[in-house]
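Listing of my_file_35.csv, CSV, C-alpha atoms
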```csv
chain,number,residue,atom,x,y,z
O,1,MET,CA,-34.2,34.7,-9.9
O,2,PRO,CA,-30.5,34.9,-10.8
O,3,ARG,CA,-29.3,38.3,-11.9
O,4,ASP,CA,-26.9,38.2,-14.9
O,5,VAL,CA,-24.4,41.0,-14.0
O,6,TRP,CA,-20.9,41.5,-15.4
O,7,GLY,CA,-21.2,38.1,-17.1
O,8,LEU,CA,-21.9,36.2,-13.9
O,9,SER,CA,-25.2,34.5,-13.0
O,10,MET,CA,-25.7,35.7,-9.5
O,11,THR,CA,-28.2,34.5,-6.9
O,12,THR,CA,-29.1,36.2,-3.7
O,13,ILE,CA,-26.8,35.2,-0.9
O,14,ARG,CA,-28.6,33.4,1.9
O,15,VAL,CA,-25.7,32.3,4.3
O,16,ALA,CA,-24.7,33.5,7.7
O,17,ALA,CA,-21.1,34.4,6.7
O,18,LEU,CA,-22.2,37.2,4.3
O,19,PRO,CA,-18.9,39.1,4.1
O,20,GLN,CA,-16.9,35.9,3.3
O,21,GLU,CA,-19.4,34.9,0.6
O,22,VAL,CA,-19.4,38.4,-1.0
O,23,ALA,CA,-15.6,38.4,-0.9
O,24,LYS,CA,-15.6,35.0,-2.6
O,25,ARG,CA,-17.7,36.3,-5.5
O,26,ILE,CA,-15.6,39.4,-5.9
O,27,ARG,CA,-12.5,37.2,-6.1
O,28,GLU,CA,-14.2,35.2,-8.8
O,29,MET,CA,-14.9,38.4,-10.8
O,30,ILE,CA,-11.2,39.4,-10.5
O,31,ARG,CA,-10.0,35.9,-11.4
O,32,LYS,CA,-12.2,35.9,-14.5
O,33,GLY,CA,-11.1,39.3,-15.6
O,34,ILE,CA,-14.6,40.9,-15.1
O,35,LEU,CA,-13.0,43.2,-12.6
O,36,LYS,CA,-9.6,44.4,-13.8
O,37,GLU,CA,-6.7,46.3,-12.2
O,38,GLY,CA,-7.7,49.9,-11.8
O,39,ASP,CA,-11.4,49.3,-11.8
O,40,ARG,CA,-13.4,51.0,-9.1
O,41,ILE,CA,-16.0,48.9,-7.3
O,42,VAL,CA,-19.3,50.7,-7.3
O,43,GLU,CA,-21.2,49.6,-4.2
O,44,ASN,CA,-24.9,50.1,-5.2
O,45,PRO,CA,-25.1,47.9,-8.3
O,46,LEU,CA,-23.0,45.2,-6.7
O,47,CYS,CA,-25.2,45.2,-3.6
O,48,ARG,CA,-28.3,44.9,-5.8
O,49,ALA,CA,-26.8,42.1,-7.8
O,50,MET,CA,-25.9,40.1,-4.7
O,51,GLY,CA,-29.0,41.0,-2.7
O,52,VAL,CA,-27.0,42.3,0.2
O,53,SER,CA,-26.6,45.6,2.1
O,54,ARG,CA,-23.6,47.8,2.1
O,55,THR,CA,-22.4,46.6,5.5
O,56,PRO,CA,-21.4,43.0,4.4
O,57,LEU,CA,-20.0,44.4,1.1
O,58,ARG,CA,-17.7,46.8,2.9
O,59,GLU,CA,-16.6,44.1,5.3
O,60,ALA,CA,-15.8,41.9,2.3
O,61,LEU,CA,-13.8,44.7,0.7
O,62,ARG,CA,-11.8,45.0,3.9
O,63,LEU,CA,-11.0,41.3,3.7
O,64,LEU,CA,-9.9,41.7,0.1
O,65,SER,CA,-7.8,44.7,1.0
O,66,PHE,CA,-6.0,42.5,3.5
O,67,GLU,CA,-5.4,39.9,0.7
O,68,GLY,CA,-3.9,42.6,-1.5
O,69,LEU,CA,-6.6,42.4,-4.1
O,70,ILE,CA,-8.4,45.7,-3.3
O,71,GLN,CA,-7.1,49.1,-2.3
O,72,LEU,CA,-9.3,51.2,-0.2
O,73,ILE,CA,-8.7,54.9,-1.2
O,74,PRO,CA,-10.1,57.8,0.9
O,75,ASN,CA,-12.8,59.7,-1.1
O,76,LYS,CA,-12.6,57.3,-3.9
O,77,GLY,CA,-13.6,53.9,-2.5
O,78,ALA,CA,-12.4,50.4,-3.4
O,79,VAL,CA,-10.1,49.9,-6.4
O,80,VAL,CA,-8.9,46.6,-7.8
O,81,VAL,CA,-5.1,46.2,-7.6
O,82,GLN,CA,-2.7,43.6,-8.9
O,83,PRO,CA,0.2,42.6,-6.5
O,84,SER,CA,3.7,43.0,-8.1
O,85,MET,CA,5.5,39.9,-9.3
O,86,GLU,CA,7.9,40.4,-6.5
O,87,ASP,CA,5.1,40.2,-3.9
O,88,ILE,CA,3.6,37.2,-5.6
O,89,ARG,CA,7.0,35.5,-5.7
O,90,GLU,CA,7.5,36.2,-2.0
O,91,MET,CA,4.1,34.7,-1.2
O,92,PHE,CA,4.8,31.5,-3.2
O,93,TRP,CA,8.2,31.2,-1.6
O,94,VAL,CA,6.8,31.4,2.0
O,95,MET,CA,3.9,29.1,1.1
O,96,SER,CA,6.3,26.5,-0.3
O,97,ILE,CA,8.1,26.4,3.0
O,98,LEU,CA,4.9,26.1,5.0
O,99,GLU,CA,3.2,23.5,2.7
O,100,GLY,CA,6.5,21.6,2.4
O,101,THR,CA,6.5,21.4,6.2
O,102,CYS,CA,2.9,20.2,6.1
O,103,ALA,CA,3.8,17.5,3.6
O,104,ARG,CA,6.7,16.3,5.7
O,105,GLU,CA,4.5,16.1,8.8
O,106,CYS,CA,1.7,14.5,6.8
O,107,ALA,CA,4.0,11.7,5.5
O,108,LYS,CA,5.3,11.2,9.1
O,109,LYS,CA,1.9,10.9,10.7
O,110,ILE,CA,-0.5,9.6,8.0
O,111,ASP,CA,-2.3,6.4,8.8
O,112,GLU,CA,-4.3,4.1,6.5
O,113,LYS,CA,-7.5,6.0,7.1
O,114,GLY,CA,-5.8,9.3,6.3
O,115,LEU,CA,-4.2,7.8,3.2
O,116,LYS,CA,-7.5,6.5,2.0
O,117,LYS,CA,-9.0,10.0,2.2
O,118,LEU,CA,-6.0,11.4,0.3
O,119,GLU,CA,-6.3,8.7,-2.4
O,120,LYS,CA,-9.9,9.7,-2.9
O,121,LEU,CA,-9.0,13.3,-3.6
O,122,TYR,CA,-6.0,12.3,-5.7
O,123,ASN,CA,-8.4,10.2,-7.9
O,124,LYS,CA,-10.5,13.2,-8.3
O,125,LEU,CA,-7.5,15.2,-9.5
O,126,GLU,CA,-6.8,12.4,-12.1
O,127,LYS,CA,-10.4,12.4,-13.2
O,128,HIS,CA,-10.6,16.1,-13.8
O,129,PHE,CA,-7.2,16.2,-15.4
O,130,GLN,CA,-8.3,13.5,-17.9
O,131,GLU,CA,-11.4,15.6,-18.6
O,132,LYS,CA,-9.2,18.8,-18.9
O,133,HIS,CA,-11.6,20.5,-16.6
O,134,HIS,CA,-9.5,23.2,-15.0
O,135,GLU,CA,-12.1,24.5,-12.6
O,136,LYS,CA,-12.9,21.1,-11.1
O,137,TYR,CA,-9.3,20.2,-11.0
O,138,MET,CA,-8.5,23.3,-9.0
O,139,ALA,CA,-11.4,22.7,-6.6
O,140,ALA,CA,-10.0,19.1,-6.0
O,141,ASN,CA,-6.5,20.5,-5.7
O,142,HIS,CA,-7.6,23.0,-3.0
O,143,SER,CA,-9.2,20.1,-1.1
O,144,TYR,CA,-6.1,17.9,-1.5
O,145,HIS,CA,-3.8,20.6,-0.1
O,146,THR,CA,-6.2,21.4,2.7
O,147,LEU,CA,-6.3,17.7,3.7
O,148,VAL,CA,-2.5,17.4,3.7
O,149,GLN,CA,-2.5,20.4,6.0
O,150,GLU,CA,-5.1,18.8,8.2
O,151,LEU,CA,-3.2,15.5,8.3
O,152,ALA,CA,0.0,17.3,9.3
O,153,GLY,CA,-1.8,17.8,12.7
O,154,SER,CA,-0.4,21.2,13.6
O,155,LYS,CA,-2.9,23.8,14.7
O,156,VAL,CA,-0.3,26.6,14.7
O,157,LEU,CA,1.0,25.8,11.3
O,158,SER,CA,-2.6,25.6,10.0
O,159,GLU,CA,-3.4,29.0,11.3
O,160,VAL,CA,-0.4,30.5,9.6
O,161,ILE,CA,-1.1,28.8,6.3
O,162,ASN,CA,-4.8,29.8,6.4
O,163,GLY,CA,-3.8,33.5,6.6
O,164,LEU,CA,-1.8,33.1,3.4
O,165,ARG,CA,-3.9,30.6,1.5
O,166,GLN,CA,-6.6,33.1,0.3
O,167,LYS,CA,-4.0,35.6,-0.8
O,168,ILE,CA,-2.3,33.0,-3.0
O,169,LEU,CA,-5.4,31.2,-4.2
O,170,LEU,CA,-6.2,33.6,-7.0
O,171,HIS,CA,-2.7,33.3,-8.4
O,172,ARG,CA,-2.9,29.5,-8.2
O,173,TYR,CA,-5.9,29.7,-10.5
O,174,ARG,CA,-4.1,31.9,-12.9
O,175,GLN,CA,-1.1,29.6,-13.3
O,176,ILE,CA,-3.1,26.4,-14.1
O,177,TYR,CA,-4.3,27.9,-17.4
O,178,GLN,CA,-0.8,28.4,-18.7
O,179,PRO,CA,0.3,26.1,-21.6
O,180,ASN,CA,1.1,22.6,-20.4
O,181,ARG,CA,0.7,23.6,-16.7
O,182,LEU,CA,-2.2,21.3,-16.1
O,183,MET,CA,-0.2,18.3,-17.3
O,184,THR,CA,2.9,19.2,-15.2
O,185,SER,CA,0.7,19.9,-12.2
O,186,MET,CA,-0.8,16.4,-12.4
O,187,GLN,CA,2.7,14.9,-12.8
O,188,GLU,CA,3.8,16.7,-9.6
O,189,HIS,CA,0.8,15.4,-7.7
O,190,ARG,CA,1.5,11.8,-8.9
O,191,ALA,CA,5.0,12.0,-7.5
O,192,LEU,CA,3.7,13.6,-4.3
O,193,GLN,CA,1.1,11.0,-3.8
O,194,GLU,CA,3.6,8.2,-4.2
O,195,ALA,CA,5.8,9.9,-1.5
O,196,PHE,CA,2.8,9.8,0.8
O,197,ARG,CA,2.2,6.2,0.1
O,198,LYS,CA,5.8,5.4,1.0
O,199,ARG,CA,5.6,7.7,4.0
O,200,ASP,CA,8.8,9.3,2.6
O,201,GLN,CA,9.0,12.5,4.7
O,202,VAL,CA,12.0,14.0,2.9
O,203,GLU,CA,10.7,13.4,-0.6
O,204,ALA,CA,7.2,14.7,0.3
O,205,GLU,CA,8.6,17.9,1.6
O,206,ARG,CA,10.9,18.4,-1.4
O,207,LEU,CA,8.2,17.7,-3.9
O,208,MET,CA,5.6,20.0,-2.3
O,209,LYS,CA,8.1,22.8,-2.2
O,210,GLU,CA,9.0,22.4,-5.9
O,211,HIS,CA,5.3,22.1,-6.7
O,212,LEU,CA,4.7,25.6,-5.3
O,213,ILE,CA,7.7,27.1,-6.9
O,214,ARG,CA,6.7,25.7,-10.3
O,215,GLN,CA,3.4,27.4,-9.9
O,216,CYS,CA,5.2,30.7,-9.4
O,217,GLU,CA,7.4,30.0,-12.4
O,218,ALA,CA,4.3,29.5,-14.6
O,219,LEU,CA,3.0,32.9,-13.5
O,220,GLU,CA,6.3,34.5,-14.2
O,221,ASN,CA,6.5,33.1,-17.7
O,222,ALA,CA,2.9,34.2,-18.4
O,223,ASP,CA,3.8,37.7,-17.5
O,224,HIS,CA,6.6,37.8,-20.1
O,225,LYS,CA,9.1,39.4,-17.8
O,226,PRO,CA,12.6,40.2,-19.0
O,227,GLU,CA,15.2,37.5,-18.5
O,228,GLY,CA,16.7,39.2,-15.5
O,229,ARG,CA,13.3,38.9,-13.6
O,230,VAL,CA,12.8,35.3,-14.6
O,231,SER,CA,16.2,34.3,-13.1
O,232,ARG,CA,15.0,35.6,-9.8
O,233,VAL,CA,12.4,32.9,-9.6
O,234,SER,CA,15.3,30.4,-9.9
O,235,THR,CA,16.9,32.1,-6.9
O,236,CYS,CA,13.6,31.7,-5.0
O,237,HIS,CA,13.7,28.0,-6.0
O,238,LEU,CA,17.1,27.6,-4.5
O,239,LYS,CA,16.0,29.0,-1.3
O,240,THR,CA,13.4,26.2,-0.8
O,241,ARG,CA,15.8,23.3,-0.8
O,242,GLY,CA,16.4,23.2,2.9
O,243,SER,CA,14.0,22.5,5.8
O,244,ILE,CA,12.9,25.0,8.4
O,245,ALA,CA,15.6,25.1,11.0
```
Kindly return the structure encoded in the file as structure tokens.
Amino acid sequence: MPRDVWGLSMTTIRVAALPQEVAKRIREMIRKGILKEGDRIVENPLCRAMGVSRTPLREALRLLSFEGLIQLIPNKGAVVVQPSMEDIREMFWVMSILEGTCARECAKKIDEKGLKKLEKLYNKLEKHFQEKHHEKYMAANHSYHTLVQELAGSKVLSEVINGLRQKILLHRYRQIYQPNRLMTSMQEHRALQEAFRKRDQVEAERLMKEHLIRQCEALENADHKPEGRVSRVSTCHLKTRGSIA
């Protein structure tokens, strides 16, 4: 039977990769504001709610610590932390370069079969946008970006991106709920998809970079930082205009 804990309906986890699944659920709790910055994660009730032992929970907390979402403090345990805007900006800047490179390589290498797969995911984005269903839109968005990465055909690039993708995923969810962001995100994907249809490598790279930077800008605006801090996002934006040397 599901256990309704902290506002989430939880079922016992019955998968091989327990730590990853536990980490996924804790990320969801942080994303939904159930766990907030400064909250201490108490192991016993969380283990009972998820139907797991302390071992996979502690492994999950180590994963989340690597992602910068949890701080492991001696004699206190795990505490939820919020990365600084400077750290978030840095992550989006690096990711814009990496995903921009993926987009360029995808546009260069994509065949009709790959384009058909991409069109299918793009149509899901359009559908969920029309429905104004943010959660489904973001799930389709994740699949879309992952496929672009796959079609780029670089194992090394994928390994580097995968290390950063989980760190940035939570913040991608946060930005999509900002005013008008869903609409502008869809507009960005429309332009990006057209670049893939035309196999335009330069345009695909430019659009993907700008897509990531605009996500960062949406987060910056949501945090109501002073104008001096907002202008630093523009500096980050200027950094992304060139390709990797």
query: For O:Thr101, which residue out of O:Gln130, O:Ser84, O:Asn75, O:Gln149 is the nearest one, using only C-alpha atoms?
result: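 The shortest atom-to-atom distance to O:Thr101 comes from O:Gln149.
Shortest separation to O:Leu69 among O:Gly100, O:Pro56, O:Gly38, O:Pro45 occurs at residue O:Gly38, atoms counted being all atoms listed in the file.
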task: Go through O:Leu182, O:Cys106, O:Leu63, O:Met138 one by one, measure the shortest atom-to-atom distance of each to O:Gly153 using only C-alpha atoms, and give the residue with the smallest value.
output: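 Result for the nearest residue to O:Gly153: O:Cys106.
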- prompt: Could you pull the residues within 8 Å of O:His211, counting only C-alpha atoms, minus those fewer than 6 positions along the same chain, as number ranges by chain?
  reply: O: 96, 185, 188
field: atom CA of O:Arg104 to atom CA of O:Ala204, distance in Å rounded to a single decimal
entry: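 Value for the atom CA of O:Arg104-atom CA of O:Ala204 distance: 5.7 Å.
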- request: Can you pull out every residue within 12 Å of stretch 154-156 of chain O, counting only C-alpha atoms, but drop anything in the same chain fewer than 3 positions away, and send it as a list in words?
  value: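 Skipping anything fewer than 3 positions along the chain leaves Leu98, Glu99, Thr101, Cys102, Ala103, Arg104, Glu105, Cys106, Lys109, Val148, Gln149, Glu150, Leu151, Glu159, Val160, Ile161, Asn162 and Gly163 of chain O.
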query: Around (5.2, 31.8, -2.3) in the file's frame, which residues reach within 12 Å when counting all atoms listed in the file? Return as a PyMOL selection string?
result: chain O and resi 85-100+161+164-165+167-169+171-172+208-217+219+233+236-237+239-240
message: Report, in Å to a single decimal, how far apart atom CA of O:Glu21 and atom CA of O:Glu135 are.
response: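 Those two atoms sit 18.3 Å apart.
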message: Need to verify the contact set: O:Tyr122, 12 Å, all atoms listed in the file, exclusion of same-chain residues closer than 2 positions in sequence. Can you return it as a VMD selection string?
response: chain O and resid 115 to 120 124 to 129 137 to 145 147 to 148 186 to 194 196 to 197
message: Considering all atoms listed in the file, can you say which of O:Val81, O:Val22, O:Met29, O:Val42 comes closest to O:Glu59?
response: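 Between O:Val81, O:Val22, O:Met29, O:Val42, the residue approaching O:Glu59 most closely is O:Val22.
Shortest separation to O:Arg27 among O:Leu72, O:Cys47, O:Gln175, O:Gln166 occurs at residue O:Gln166, atoms counted being all atoms listed in the file.
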message: Please determine, counting all atoms listed in the file, which residue among O:Ile73, O:Ile176, O:Val80, O:Leu157 has the shortest atom-to-atom distance to O:Ile30.
response: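 Among the listed residues, O:Val80 lies closest to O:Ile30.
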Skip O:Ala195 itself and residues of its chain fewer than 5 positions away, then list as a PDB file with C-alpha atoms, in the frame of the given file all residues within 8 Å of it, counting all atoms listed in the file.
```pdb
ATOM      1  CA  ALA O 107       4.000  11.700   5.500  1.00  0.00           C
ATOM      2  CA  ASP O 200       8.800   9.300   2.600  1.00  0.00           C
ATOM      3  CA  GLN O 201       9.000  12.500   4.700  1.00  0.00           C
ATOM      4  CA  GLU O 203      10.700  13.400  -0.600  1.00  0.00           C
ATOM      5  CA  ALA O 204       7.200  14.700   0.300  1.00  0.00           C
TER       6      ALA O 204
END
```
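Rounded to one decimal, atom CA of O:Gln82 and atom CA of O:Glu43 lie 20.0 Å from each other.
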